[in-house]
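**Q** Enclosed is the structure file coords_31.cif (mmCIF, C-alpha atoms).
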data_query
loop_
_atom_site.label_atom_id
_atom_site.label_comp_id
_atom_site.auth_asym_id
_atom_site.auth_seq_id
_atom_site.Cartn_x
_atom_site.Cartn_y
_atom_site.Cartn_z
CA MET A 446 -56.48 -8.80 34.17
CA ARG A 447 -53.24 -9.03 32.20
CA GLY A 448 -51.53 -12.20 31.03
CA LEU A 449 -48.45 -13.46 29.20
CA ILE A 450 -48.86 -15.92 26.31
CA LEU A 451 -46.73 -19.02 26.90
CA ASN A 452 -47.93 -21.06 23.92
CA GLY A 453 -51.05 -21.85 21.98
CA SER A 454 -52.69 -23.36 18.92
CA LYS A 455 -56.15 -23.61 17.40
CA ASN A 456 -57.48 -20.68 19.43
CA VAL A 457 -56.48 -22.16 22.81
CA PHE A 458 -53.62 -20.35 24.54
CA GLU A 459 -51.79 -21.08 27.77
CA VAL A 460 -51.64 -17.73 29.59
CA GLU A 461 -49.68 -16.84 32.70
CA CYS A 462 -51.89 -14.34 34.52
CA ASP A 463 -51.17 -11.47 36.90
CA ASP A 464 -52.77 -13.37 39.77
CA GLU A 465 -50.09 -16.07 39.34
CA ARG A 466 -52.55 -18.58 37.89
CA THR A 467 -52.03 -20.18 34.50
CA ARG A 468 -55.21 -20.37 32.44
CA PHE A 469 -56.16 -21.91 29.13
CA CYS A 470 -57.84 -19.12 27.22
CA SER A 471 -59.59 -18.67 23.90
CA ILE A 472 -60.09 -15.42 22.01
CA LYS A 473 -63.42 -13.83 22.75
CA GLY A 474 -65.46 -13.97 19.56
CA LYS A 475 -62.61 -16.02 17.99
CA ILE A 476 -61.24 -12.89 16.26
CA LEU A 477 -58.65 -10.59 17.82
CA LYS A 478 -58.66 -7.04 16.50
CA THR A 479 -55.11 -6.14 15.43
CA ASP A 480 -53.57 -4.05 12.66
CA LYS A 481 -51.58 -7.06 11.35
CA GLU A 482 -52.83 -10.08 9.46
CA TYR A 483 -51.06 -13.22 10.62
CA TYR A 484 -52.66 -16.63 10.46
CA ASN A 485 -51.81 -16.95 14.17
CA PRO A 486 -52.81 -13.70 15.92
CA LEU A 487 -50.81 -14.36 19.10
CA ALA A 488 -47.38 -15.76 19.88
CA PRO A 489 -45.28 -16.60 22.92
CA GLY A 490 -44.15 -13.35 24.54
CA ASP A 491 -47.38 -11.45 23.81
CA TYR A 492 -49.17 -9.67 26.64
CA VAL A 493 -52.96 -9.76 26.53
CA GLU A 494 -55.97 -8.53 28.45
CA LEU A 495 -58.36 -11.23 29.56
CA GLU A 496 -61.46 -12.01 31.53
CA ASP A 497 -61.45 -15.01 33.84
CA SER A 498 -64.20 -17.55 33.55
CA SER A 499 -66.87 -17.37 36.22
CA LEU A 500 -67.45 -21.11 35.79
CA GLU A 501 -63.93 -22.60 35.60
CA GLU A 502 -60.91 -21.27 37.49
CA ASP A 503 -58.40 -22.50 34.93
CA LYS A 504 -60.04 -20.88 31.90
CA GLY A 505 -60.51 -17.37 30.55
CA LEU A 506 -61.25 -15.22 27.51
CA ILE A 507 -58.71 -13.05 25.72
CA VAL A 508 -60.29 -9.68 24.95
CA GLY A 509 -57.34 -7.58 23.77
CA LEU A 510 -53.68 -7.47 22.78
CA LEU A 511 -51.32 -5.05 24.55
CA PRO A 512 -48.83 -3.08 22.39
CA ARG A 513 -45.76 -5.06 21.33
CA LYS A 514 -42.17 -3.87 21.68
CA ASN A 515 -41.38 -5.93 18.60
CA GLU A 516 -42.41 -9.11 16.82
CA PHE A 517 -40.56 -11.76 14.87
CA VAL A 518 -42.29 -13.09 11.77
CA ARG A 519 -41.53 -15.40 8.86
CA TRP A 520 -43.41 -16.17 5.66
CA ASN A 521 -45.00 -19.60 6.00
CA ILE A 522 -44.77 -21.11 2.53
CA LYS A 523 -47.25 -23.93 3.30
CA LYS A 524 -50.02 -21.69 4.52
CA ARG A 525 -48.98 -18.80 2.24
CA GLU A 526 -49.41 -16.38 5.11
CA PRO A 527 -47.08 -14.63 7.56
CA GLN A 528 -46.46 -16.58 10.75
CA LEU A 529 -45.82 -14.82 14.05
CA LEU A 530 -43.10 -16.71 15.95
CA ALA A 531 -42.41 -14.55 19.02
CA ALA A 532 -43.03 -11.10 20.50
CA ASN A 533 -41.38 -8.59 22.84
CA LEU A 534 -37.88 -10.02 22.45
CA ASP A 535 -34.59 -8.79 23.84
CA TYR A 536 -32.59 -11.18 21.63
CA LEU A 537 -33.14 -13.40 18.64
CA LEU A 538 -30.78 -16.39 18.81
CA ILE A 539 -30.20 -17.74 15.30
CA VAL A 540 -28.89 -21.25 15.84
CA THR A 541 -26.76 -23.01 13.24
CA THR A 542 -24.21 -25.83 13.04
CA PRO A 543 -21.03 -26.41 11.00
CA ASN A 544 -22.63 -29.66 9.83
CA GLN A 545 -25.21 -32.21 11.01
CA PRO A 546 -27.45 -30.63 9.70
CA PRO A 547 -25.52 -28.93 6.89
CA PHE A 548 -24.47 -25.31 7.32
CA ARG A 549 -26.95 -22.96 5.60
CA PRO A 550 -25.59 -19.37 5.58
CA ARG A 551 -28.52 -18.15 3.48
CA PHE A 552 -30.92 -19.21 6.24
CA ILE A 553 -28.98 -17.05 8.68
CA ASP A 554 -28.77 -14.05 6.33
CA ARG A 555 -32.54 -14.14 5.83
CA ALA A 556 -33.14 -14.30 9.59
CA LEU A 557 -30.66 -11.45 10.12
CA ALA A 558 -32.46 -9.30 7.55
CA GLN A 559 -35.84 -10.00 9.16
CA ALA A 560 -34.40 -9.12 12.59
CA GLU A 561 -32.95 -5.87 11.20
CA TYR A 562 -36.33 -5.01 9.67
CA GLN A 563 -38.11 -5.63 12.96
CA GLU A 564 -35.41 -3.95 15.08
CA ILE A 565 -34.55 -7.02 17.16
CA THR A 566 -30.98 -7.68 18.30
CA PRO A 567 -29.82 -10.93 16.66
CA ILE A 568 -27.08 -13.23 17.95
CA ILE A 569 -25.67 -16.05 15.84
CA VAL A 570 -25.17 -19.20 17.90
CA CYS A 571 -23.06 -21.89 16.27
CA ASN A 572 -23.84 -25.11 18.13
CA LYS A 573 -21.87 -28.35 17.68
CA TYR A 574 -18.76 -26.24 17.15
CA ASP A 575 -16.70 -29.23 18.27
CA LEU A 576 -17.48 -30.62 14.78
CA ALA A 577 -16.13 -27.53 12.99
CA GLU A 578 -12.77 -29.04 12.01
CA SER A 579 -14.45 -31.31 9.49
CA GLN A 580 -16.20 -28.38 7.77
CA ASP A 581 -15.34 -26.46 4.60
CA PRO A 582 -13.01 -23.46 5.17
CA ASP A 583 -15.78 -21.16 3.90
CA PHE A 584 -17.63 -21.91 7.15
CA GLN A 585 -15.01 -20.06 9.19
CA LYS A 586 -14.87 -17.24 6.62
CA GLN A 587 -18.64 -16.84 6.90
CA LEU A 588 -18.56 -16.62 10.71
CA SER A 589 -15.80 -14.00 10.46
CA ALA A 590 -17.77 -12.04 7.84
CA TRP A 591 -20.71 -11.72 10.25
CA GLU A 592 -18.43 -10.71 13.12
CA GLU A 593 -16.70 -8.05 11.01
CA ILE A 594 -20.00 -6.23 10.44
CA GLY A 595 -20.83 -6.23 14.14
CA TYR A 596 -22.93 -9.35 14.73
CA LYS A 597 -22.16 -11.33 17.86
CA VAL A 598 -21.24 -14.93 17.03
CA LEU A 599 -21.10 -17.51 19.82
CA ARG A 600 -19.27 -20.77 19.21
CA ILE A 601 -20.73 -23.37 21.54
CA SER A 602 -21.33 -27.06 22.01
CA ALA A 603 -24.30 -28.29 24.02
CA SER A 604 -22.70 -31.74 24.15
CA THR A 605 -19.30 -30.64 25.53
CA GLY A 606 -20.46 -27.50 27.36
CA ASP A 607 -18.01 -25.23 25.54
CA GLY A 608 -19.29 -21.65 25.30
CA MET A 609 -22.41 -22.33 27.38
CA GLU A 610 -21.26 -20.11 30.24
CA GLU A 611 -20.98 -17.08 27.94
CA LEU A 612 -24.40 -17.83 26.48
CA SER A 613 -26.03 -18.16 29.90
CA ARG A 614 -24.59 -14.84 31.08
CA LEU A 615 -25.95 -13.16 27.97
CA LEU A 616 -29.47 -14.57 28.46
CA GLU A 617 -29.78 -13.71 32.15
CA ASN A 618 -32.94 -11.64 32.85
CA LYS A 619 -33.73 -11.43 29.13
CA LEU A 620 -36.43 -12.80 26.84
CA SER A 621 -34.85 -14.56 23.88
CA ALA A 622 -36.18 -16.73 21.05
CA LEU A 623 -34.31 -19.60 19.45
CA VAL A 624 -34.81 -20.00 15.70
CA GLY A 625 -33.08 -22.49 13.42
CA GLN A 626 -33.41 -25.54 11.23
CA SER A 627 -34.59 -28.80 12.72
CA GLY A 628 -31.64 -30.67 14.20
CA VAL A 629 -29.40 -27.73 15.13
CA GLY A 630 -29.88 -28.52 18.82
CA LYS A 631 -32.17 -25.80 20.17
CA SER A 632 -33.76 -28.16 22.70
CA SER A 633 -30.35 -29.53 23.70
CA ILE A 634 -29.14 -25.98 24.41
CA ILE A 635 -32.12 -25.37 26.74
CA ASN A 636 -31.52 -28.70 28.50
CA VAL A 637 -27.95 -27.60 29.31
CA LEU A 638 -28.91 -24.07 30.36
CA ASP A 639 -31.38 -25.48 32.90
CA ASN A 640 -30.55 -29.04 33.88
CA SER A 641 -33.94 -29.46 35.57
CA ILE A 642 -35.64 -29.28 32.14
CA VAL A 643 -35.71 -32.32 29.90
CA LEU A 644 -36.93 -31.43 26.43
CA LYS A 645 -37.22 -34.09 23.79
CA THR A 646 -34.37 -33.91 21.30
CA GLY A 647 -34.49 -35.26 17.78
CA SER A 648 -32.16 -37.40 15.71
CA LEU A 649 -30.92 -36.52 12.24
CA SER A 650 -32.15 -38.20 9.12
CA GLN A 651 -29.27 -40.44 7.98
CA LYS A 652 -30.22 -39.99 4.33
CA TYR A 653 -30.46 -36.20 4.25
CA GLY A 654 -28.58 -35.05 7.36
CA ARG A 655 -31.60 -32.98 8.40
CA GLY A 656 -33.30 -32.83 11.74
CA THR A 657 -36.68 -34.25 12.62
CA HIS A 658 -39.26 -31.96 14.21
CA THR A 659 -39.48 -32.37 17.99
CA THR A 660 -40.84 -28.91 18.88
CA THR A 661 -44.25 -28.67 17.22
CA LYS A 662 -45.29 -25.27 18.54
CA GLY A 663 -43.49 -22.28 20.00
CA SER A 664 -43.39 -22.14 23.78
CA LEU A 665 -42.07 -19.65 26.33
CA MET A 666 -40.19 -21.19 29.26
CA HIS A 667 -38.96 -19.58 32.47
CA ILE A 668 -35.65 -21.28 33.13
CA GLU A 669 -33.31 -21.22 36.10
CA LEU A 670 -29.76 -21.06 34.82
CA SER A 671 -27.58 -23.96 35.90
CA GLU A 672 -25.34 -22.97 38.81
CA SER A 673 -22.35 -24.54 37.07
CA LEU A 674 -22.72 -22.00 34.23
CA VAL A 675 -23.04 -18.88 36.38
CA GLY A 676 -20.29 -19.26 38.93
CA GLY A 677 -22.32 -21.22 41.46
CA LEU A 678 -24.92 -18.48 41.89
CA GLN A 679 -28.43 -19.66 42.63
CA GLY A 680 -31.74 -18.33 41.33
CA LEU A 681 -30.51 -16.61 38.15
CA THR A 682 -33.20 -16.85 35.50
CA ALA A 683 -33.87 -16.31 31.81
CA ASP A 684 -36.93 -16.53 29.58
CA ILE A 685 -36.60 -18.49 26.36
CA ILE A 686 -39.00 -19.11 23.49
CA ASP A 687 -38.25 -22.37 21.70
CA THR A 688 -39.66 -22.08 18.17
CA PRO A 689 -40.38 -25.08 15.92
CA GLY A 690 -37.52 -26.00 13.60
CA VAL A 691 -37.93 -24.94 9.99
CA ARG A 692 -36.07 -26.03 6.88
CA ARG A 693 -36.40 -22.69 5.10
CA PHE A 694 -36.71 -19.26 6.65
CA LEU A 695 -38.45 -16.95 4.19
CA LEU A 696 -38.69 -13.19 4.53
CA HIS A 697 -41.92 -11.34 5.20
CA ASP A 698 -42.76 -7.76 4.22
CA ILE A 699 -39.31 -7.07 2.72
CA SER A 700 -39.23 -6.41 -1.03
CA ALA A 701 -36.37 -7.28 -3.38
CA GLU A 702 -35.88 -3.55 -4.01
CA ASN A 703 -35.51 -2.78 -0.30
CA LEU A 704 -33.51 -5.83 0.81
CA HIS A 705 -30.22 -3.88 0.78
CA LEU A 706 -31.60 -1.65 3.56
CA TYR A 707 -31.53 -4.64 5.92
CA PHE A 708 -27.97 -5.74 5.14
CA ARG A 709 -26.37 -3.50 7.75
CA GLU A 710 -22.97 -3.12 6.03
CA PHE A 711 -24.70 -1.83 2.87
CA LYS A 712 -26.27 1.13 4.69
CA PRO A 713 -23.26 3.55 4.54
CA PHE A 714 -23.30 3.28 0.73
CA VAL A 715 -27.05 3.51 0.07
CA GLY A 716 -27.90 6.55 -2.07
CA LYS A 717 -24.27 7.21 -2.99
CA CYS A 718 -24.35 5.41 -6.36
CA ASP A 719 -24.20 7.48 -9.57
CA PHE A 720 -27.79 6.41 -10.23
CA GLY A 721 -28.83 7.22 -6.68
CA MET A 722 -31.66 5.19 -5.17
CA SER A 723 -32.57 3.74 -8.58
CA CYS A 724 -29.31 1.75 -8.76
CA SER A 725 -29.86 -2.01 -8.77
CA HIS A 726 -26.32 -2.62 -7.43
CA ILE A 727 -25.76 -5.31 -10.04
CA ASN A 728 -24.45 -4.00 -13.39
CA GLU A 729 -24.37 -0.20 -13.16
CA LYS A 730 -21.15 1.77 -13.36
CA GLY A 731 -20.56 4.04 -10.41
CA CYS A 732 -22.33 1.71 -7.95
CA ALA A 733 -21.10 2.53 -4.45
CA ILE A 734 -22.07 -0.90 -3.10
CA LYS A 735 -20.19 -2.81 -5.83
CA GLN A 736 -17.19 -0.54 -5.27
CA ALA A 737 -17.36 -1.33 -1.55
CA VAL A 738 -17.21 -5.04 -2.41
CA GLU A 739 -14.14 -4.45 -4.58
CA ASP A 740 -12.54 -2.41 -1.79
CA GLY A 741 -13.22 -5.17 0.76
CA LYS A 742 -15.65 -3.04 2.79
CA ILE A 743 -18.47 -5.49 2.00
CA SER A 744 -17.57 -9.18 1.93
CA GLU A 745 -18.09 -11.07 -1.31
CA LEU A 746 -19.89 -13.77 0.67
CA ARG A 747 -22.51 -11.32 1.93
CA TYR A 748 -22.88 -9.59 -1.45
CA ASP A 749 -23.45 -12.97 -3.10
CA SER A 750 -25.99 -13.85 -0.41
CA TRP A 751 -27.82 -10.54 -0.95
CA MET A 752 -27.93 -11.25 -4.71
CA ARG A 753 -29.37 -14.73 -4.21
CA ILE A 754 -32.00 -13.66 -1.67
CA MET A 755 -32.99 -10.70 -3.85
CA GLN A 756 -33.53 -13.04 -6.81
CA GLU A 757 -35.59 -15.33 -4.60
CA LEU A 758 -37.83 -12.43 -3.67
CA LYS A 759 -38.22 -11.43 -7.31
CA THR A 760 -38.90 -14.89 -8.70
CA GLY A 761 -40.53 -16.66 -5.73
CA SER A 762 -38.12 -19.58 -6.22
CA PHE A 763 -36.24 -20.36 -3.03
CA GLU A 764 -32.95 -22.16 -2.35
CA ASP A 765 -31.73 -23.66 0.91
#
Give the structure from this file in structure tokens form.
**A**
Amino acid sequence: MRGLILNGSKNVFEVECDDERTRFCSIKGKILKTDKEYYNPLAPGDYVELEDSSLEEDKGLIVGLLPRKNEFVRWNIKKREPQLLAANLDYLLIVTTPNQPPFRPRFIDRALAQAEYQEITPIIVCNKYDLAESQDPDFQKQLSAWEEIGYKVLRISASTGDGMEELSRLLENKLSALVGQSGVGKSSIINVLDNSIVLKTGSLSQKYGRGTHTTTKGSLMHIELSESLVGGLQGLTADIIDTPGVRRFLLHDISAENLHLYFREFKPFVGKCDFGMSCSHINEKGCAIKQAVEDGKISELRYDSWMRIMQELKTGSFED
């Protein structure tokens, strides 16, 4: 039969099966044959083939992985291997805050580049927007810079409810994954979207202003959108994968030389430099990308971010 991975760890996966049973399944032979090498072979959102156990109704064996529409991956610096976070997504929701925890535009630019590489539609969700007045003016400039190149930016507050109606309408009948630093309020957002769910939310470290980990493994949830957010309509649903909070999001399978291909506003100028595809876009005369920055067609904020991330990829030394 076929099943949908809801969550899993250490070779035990919770699988929602075609016969409407949920089973706890391990991989047959402990190794799943795939063409990718991730330290976790399956993620929430994956569809698998499985055999049910003849001895226990609530158990089964995973025997194969069905083709993915897409997959969202990051480089796990601790394990020094790529980590599969979610699969078969309609949207990637990149959650940030103006502060508490501090705003990290580089985190978002890395996640945007990874989404572009993997052909997933990203949406930037700025939670705690009610705190935006106390933030540096560059925060608003950065949000505008993303909007100007075509990214959707939602300004919301899970605590006040502002913007939650627009978010719920967007998520209806879709599979979306939330990714962001610990403390940005991913669990709080889910609690508001479906008021029958009560996920544990974390407090911020007073010393560092960073979140504490409350979601320890990714999990797919079927939620029923709160009637108050969808005009009183009943039974509207969405599927959401809540991923564990991470301090740093590091790119996987994108080289420093190719990073510019995944900054969408750079694409119209790629190959048009005097040095063609060999241009580094840093010091050369006749660089179309640098000229676009001077002409205001590429924002200085994004060009600076590209430079920093490219240097990270070259040197292996990462900033927040």
**Q** Residues near Pro567 in chain A, anyone? I mean within 6 Å using all atoms listed in the file, not counting same-chain ones fewer than 5 positions away, as number ranges by chain.
**A** A: 536-538
**Q** Take the selection from the previous step and output its residues with C-alpha atoms, as a PDB file, in the coordinates of the input.
**A**
ATOM      1  CA  TYR A 536     -32.590 -11.180  21.630  1.00  0.00           C
ATOM      2  CA  LEU A 537     -33.140 -13.400  18.640  1.00  0.00           C
ATOM      3  CA  LEU A 538     -30.780 -16.390  18.810  1.00  0.00           C
TER       4      LEU A 538
END
**Q** Could you give me, as a list in words, the residues within 7 Å of range 540-556 of chain A, counting all atoms listed in the file and dropping anything in the same chain fewer than 2 positions from it?
**A**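 So, after excluding close chain neighbours, the residues are Leu538, Ala558, Gln559, Ala560, Ile569, Val570, Cys571, Asn572, Lys573, Tyr574, Leu576, Ala577, Gln580, Phe584, Leu623, Val624, Gly625, Gly628, Val629, Gly654, Arg655, Gly656, Arg693, Phe694, Leu695, Leu696, Ser750 and Asp765 of chain A.
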**Q** Taking a cut-off of 12 Å and counting all atoms listed in the file, can you build a table that, for each residue of range 500-543 of chain A near range 452-464 of chain A, reports the nearest atom pair and how far apart they are in Å (one decimal), sorted by chain then residue number, as a Markdown table?
**A**
| residue | atom | partner | partner_atom | distance |
| --- | --- | --- | --- | --- |
| A:Glu502 | CA | A:Asp464 | CA | 11.6 |
| A:Asp503 | CA | A:Val460 | CA | 9.8 |
| A:Lys504 | CA | A:Glu459 | CA | 9.2 |
| A:Gly505 | CA | A:Val460 | CA | 8.9 |
| A:Leu506 | CA | A:Val457 | CA | 9.6 |
| A:Ile507 | CA | A:Phe458 | CA | 9.0 |
| A:Leu529 | CA | A:Gly453 | CA | 11.8 |
| A:Leu530 | CA | A:Asn452 | CA | 10.3 |
| A:Ala531 | CA | A:Asn452 | CA | 9.8 |
| A:Ala532 | CA | A:Asn452 | CA | 11.6 |
**Q** Please provide the set of residues having any atom within 10 Å of Ile734 in chain A, restricted to all atoms listed in the file, with same-chain residues fewer than 4 positions apart removed, written as a PyMOL selection string.
**A** chain A and resi 705+710-718+724-727+738-740+742-743+748
**Q** Find, counting all atoms listed in the file, the residue in A:Tyr492, A:Tyr596, A:Tyr483, A:Trp520 that gets nearest to Ile699 in chain A.
**A**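 Checking each of A:Tyr492, A:Tyr596, A:Tyr483, A:Trp520 against Ile699 in chain A, counting all atoms listed in the file, the winner is A:Trp520.
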**Q** Expanded to explicit residues, what is the PyMOL selection byres ((chain A and resi 598-615) around 9) for this file, as a short mmCIF file (atom, residue, chain, number, x, y, z; two decimals) with C-alpha atoms, in the frame of the given file?
**A**
data_model
loop_
_atom_site.label_atom_id
_atom_site.label_comp_id
_atom_site.auth_asym_id
_atom_site.auth_seq_id
_atom_site.Cartn_x
_atom_site.Cartn_y
_atom_site.Cartn_z
CA ILE A 568 -27.08 -13.23 17.95
CA ILE A 569 -25.67 -16.05 15.84
CA VAL A 570 -25.17 -19.20 17.90
CA CYS A 571 -23.06 -21.89 16.27
CA ASN A 572 -23.84 -25.11 18.13
CA LYS A 573 -21.87 -28.35 17.68
CA TYR A 574 -18.76 -26.24 17.15
CA ASP A 575 -16.70 -29.23 18.27
CA LEU A 576 -17.48 -30.62 14.78
CA LEU A 588 -18.56 -16.62 10.71
CA SER A 589 -15.80 -14.00 10.46
CA TRP A 591 -20.71 -11.72 10.25
CA GLU A 592 -18.43 -10.71 13.12
CA TYR A 596 -22.93 -9.35 14.73
CA LYS A 597 -22.16 -11.33 17.86
CA LEU A 616 -29.47 -14.57 28.46
CA GLU A 617 -29.78 -13.71 32.15
CA ASN A 618 -32.94 -11.64 32.85
CA LYS A 619 -33.73 -11.43 29.13
CA GLY A 630 -29.88 -28.52 18.82
CA SER A 633 -30.35 -29.53 23.70
CA ILE A 634 -29.14 -25.98 24.41
CA ILE A 635 -32.12 -25.37 26.74
CA ASN A 636 -31.52 -28.70 28.50
CA VAL A 637 -27.95 -27.60 29.31
CA LEU A 638 -28.91 -24.07 30.36
CA LEU A 670 -29.76 -21.06 34.82
CA SER A 671 -27.58 -23.96 35.90
CA SER A 673 -22.35 -24.54 37.07
CA LEU A 674 -22.72 -22.00 34.23
CA VAL A 675 -23.04 -18.88 36.38
CA GLY A 676 -20.29 -19.26 38.93
CA ALA A 683 -33.87 -16.31 31.81
#
**Q** To one decimal place, how far is CA of Glu564 in chain A from CA of Ser700 in chain A in Å?
**A**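 Here the two named atoms are 16.7 Å from each other.
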**Q** Can you pull out every residue within 9 Å of Ala701 in chain A, counting only C-alpha atoms, but drop anything in the same chain fewer than 3 positions away, and send it as an MDAnalysis selection string?
**A** chainID A and resid 704:705 754:759
**Q** State, in Å with one decimal place, the distance from CA of Pro689 in chain A to CA of Gln563 in chain A.
**A**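 For CA of Pro689 in chain A relative to CA of Gln563 in chain A, the distance reads 19.8 Å.
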**Q** Taking 2 positions as the minimum chain separation for residues in the same chain, which residues sit within 10 Å of Leu510 in chain A when counting all atoms listed in the file? Answer as an MDAnalysis selection string.
**A** chainID A and resid 447:448 477:479 486:487 491:495 507:508 512:513
**Q** Could you tell me how far CA of Arg747 in chain A lies from CA of Leu706 in chain A, in Å and to one decimal?
**A**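 Between CA of Arg747 in chain A and CA of Leu706 in chain A the gap is 13.4 Å.
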**Q** As a PDB file, in the coordinates of the input, please: range 513-520 of chain A completed to all heavy atoms.
**A**
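Saved file result-v6.pdb follows:
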ATOM      1  N   ARG A 513     -46.998  -4.276  21.365  1.00  0.00           N
ATOM      2  CA  ARG A 513     -45.760  -5.060  21.330  1.00  0.00           C
ATOM      3  C   ARG A 513     -44.551  -4.140  21.222  1.00  0.00           C
ATOM      4  O   ARG A 513     -44.583  -3.142  20.511  1.00  0.00           O
ATOM      5  CB  ARG A 513     -45.766  -5.998  20.120  1.00  0.00           C
ATOM      6  CG  ARG A 513     -46.792  -7.105  20.191  1.00  0.00           C
ATOM      7  CD  ARG A 513     -46.829  -7.891  18.886  1.00  0.00           C
ATOM      8  NE  ARG A 513     -47.763  -9.020  18.975  1.00  0.00           N
ATOM      9  CZ  ARG A 513     -48.614  -9.348  18.021  1.00  0.00           C
ATOM     10  NH1 ARG A 513     -48.678  -8.638  16.901  1.00  0.00           N
ATOM     11  NH2 ARG A 513     -49.423 -10.383  18.185  1.00  0.00           N
ATOM     12  N   LYS A 514     -43.461  -4.538  21.876  1.00  0.00           N
ATOM     13  CA  LYS A 514     -42.170  -3.870  21.680  1.00  0.00           C
ATOM     14  C   LYS A 514     -41.621  -4.210  20.303  1.00  0.00           C
ATOM     15  O   LYS A 514     -41.063  -3.374  19.606  1.00  0.00           O
ATOM     16  CB  LYS A 514     -41.194  -4.309  22.783  1.00  0.00           C
ATOM     17  CG  LYS A 514     -39.791  -3.751  22.632  1.00  0.00           C
ATOM     18  CD  LYS A 514     -38.943  -4.068  23.849  1.00  0.00           C
ATOM     19  CE  LYS A 514     -38.521  -5.520  23.913  1.00  0.00           C
ATOM     20  NZ  LYS A 514     -37.543  -5.775  25.001  1.00  0.00           N
ATOM     21  N   ASN A 515     -41.786  -5.457  19.920  1.00  0.00           N
ATOM     22  CA  ASN A 515     -41.380  -5.930  18.600  1.00  0.00           C
ATOM     23  C   ASN A 515     -42.055  -7.269  18.351  1.00  0.00           C
ATOM     24  O   ASN A 515     -42.748  -7.802  19.230  1.00  0.00           O
ATOM     25  CB  ASN A 515     -39.851  -6.043  18.474  1.00  0.00           C
ATOM     26  CG  ASN A 515     -39.238  -6.922  19.566  1.00  0.00           C
ATOM     27  OD1 ASN A 515     -39.715  -8.020  19.849  1.00  0.00           O
ATOM     28  ND2 ASN A 515     -38.179  -6.438  20.192  1.00  0.00           N
ATOM     29  N   GLU A 516     -41.850  -7.804  17.170  1.00  0.00           N
ATOM     30  CA  GLU A 516     -42.410  -9.110  16.820  1.00  0.00           C
ATOM     31  C   GLU A 516     -41.500  -9.747  15.786  1.00  0.00           C
ATOM     32  O   GLU A 516     -40.866  -9.047  14.989  1.00  0.00           O
ATOM     33  CB  GLU A 516     -43.827  -8.962  16.266  1.00  0.00           C
ATOM     34  CG  GLU A 516     -43.932  -8.006  15.097  1.00  0.00           C
ATOM     35  CD  GLU A 516     -45.364  -7.570  14.807  1.00  0.00           C
ATOM     36  OE1 GLU A 516     -46.194  -7.583  15.725  1.00  0.00           O
ATOM     37  OE2 GLU A 516     -45.628  -7.224  13.644  1.00  0.00           O
ATOM     38  N   PHE A 517     -41.396 -11.056  15.841  1.00  0.00           N
ATOM     39  CA  PHE A 517     -40.560 -11.760  14.870  1.00  0.00           C
ATOM     40  C   PHE A 517     -41.454 -12.657  14.035  1.00  0.00           C
ATOM     41  O   PHE A 517     -42.207 -13.476  14.558  1.00  0.00           O
ATOM     42  CB  PHE A 517     -39.469 -12.580  15.562  1.00  0.00           C
ATOM     43  CG  PHE A 517     -38.450 -13.097  14.587  1.00  0.00           C
ATOM     44  CD1 PHE A 517     -37.630 -12.223  13.895  1.00  0.00           C
ATOM     45  CD2 PHE A 517     -38.340 -14.449  14.325  1.00  0.00           C
ATOM     46  CE1 PHE A 517     -36.705 -12.682  12.964  1.00  0.00           C
ATOM     47  CE2 PHE A 517     -37.424 -14.922  13.405  1.00  0.00           C
ATOM     48  CZ  PHE A 517     -36.604 -14.036  12.722  1.00  0.00           C
ATOM     49  N   VAL A 518     -41.346 -12.482  12.721  1.00  0.00           N
ATOM     50  CA  VAL A 518     -42.290 -13.090  11.770  1.00  0.00           C
ATOM     51  C   VAL A 518     -41.503 -13.779  10.663  1.00  0.00           C
ATOM     52  O   VAL A 518     -40.391 -13.362  10.310  1.00  0.00           O
ATOM     53  CB  VAL A 518     -43.191 -11.996  11.158  1.00  0.00           C
ATOM     54  CG1 VAL A 518     -44.210 -12.590  10.208  1.00  0.00           C
ATOM     55  CG2 VAL A 518     -43.898 -11.199  12.248  1.00  0.00           C
ATOM     56  N   ARG A 519     -42.063 -14.818  10.103  1.00  0.00           N
ATOM     57  CA  ARG A 519     -41.530 -15.400   8.860  1.00  0.00           C
ATOM     58  C   ARG A 519     -42.694 -15.638   7.921  1.00  0.00           C
ATOM     59  O   ARG A 519     -43.863 -15.692   8.332  1.00  0.00           O
ATOM     60  CB  ARG A 519     -40.801 -16.710   9.141  1.00  0.00           C
ATOM     61  CG  ARG A 519     -41.738 -17.879   9.462  1.00  0.00           C
ATOM     62  CD  ARG A 519     -41.007 -19.213   9.447  1.00  0.00           C
ATOM     63  NE  ARG A 519     -41.906 -20.316   9.723  1.00  0.00           N
ATOM     64  CZ  ARG A 519     -42.013 -21.411   8.953  1.00  0.00           C
ATOM     65  NH1 ARG A 519     -41.299 -21.531   7.858  1.00  0.00           N
ATOM     66  NH2 ARG A 519     -42.841 -22.377   9.287  1.00  0.00           N
ATOM     67  N   TRP A 520     -42.397 -15.801   6.637  1.00  0.00           N
ATOM     68  CA  TRP A 520     -43.410 -16.170   5.660  1.00  0.00           C
ATOM     69  C   TRP A 520     -43.541 -17.684   5.682  1.00  0.00           C
ATOM     70  O   TRP A 520     -42.563 -18.403   5.476  1.00  0.00           O
ATOM     71  CB  TRP A 520     -43.037 -15.687   4.272  1.00  0.00           C
ATOM     72  CG  TRP A 520     -44.055 -16.061   3.233  1.00  0.00           C
ATOM     73  CD1 TRP A 520     -43.952 -17.058   2.304  1.00  0.00           C
ATOM     74  CD2 TRP A 520     -45.344 -15.460   3.025  1.00  0.00           C
ATOM     75  NE1 TRP A 520     -45.080 -17.119   1.539  1.00  0.00           N
ATOM     76  CE2 TRP A 520     -45.955 -16.145   1.949  1.00  0.00           C
ATOM     77  CE3 TRP A 520     -46.036 -14.421   3.639  1.00  0.00           C
ATOM     78  CZ2 TRP A 520     -47.222 -15.817   1.493  1.00  0.00           C
ATOM     79  CZ3 TRP A 520     -47.296 -14.093   3.179  1.00  0.00           C
ATOM     80  CH2 TRP A 520     -47.877 -14.787   2.118  1.00  0.00           C
TER      81      TRP A 520
END
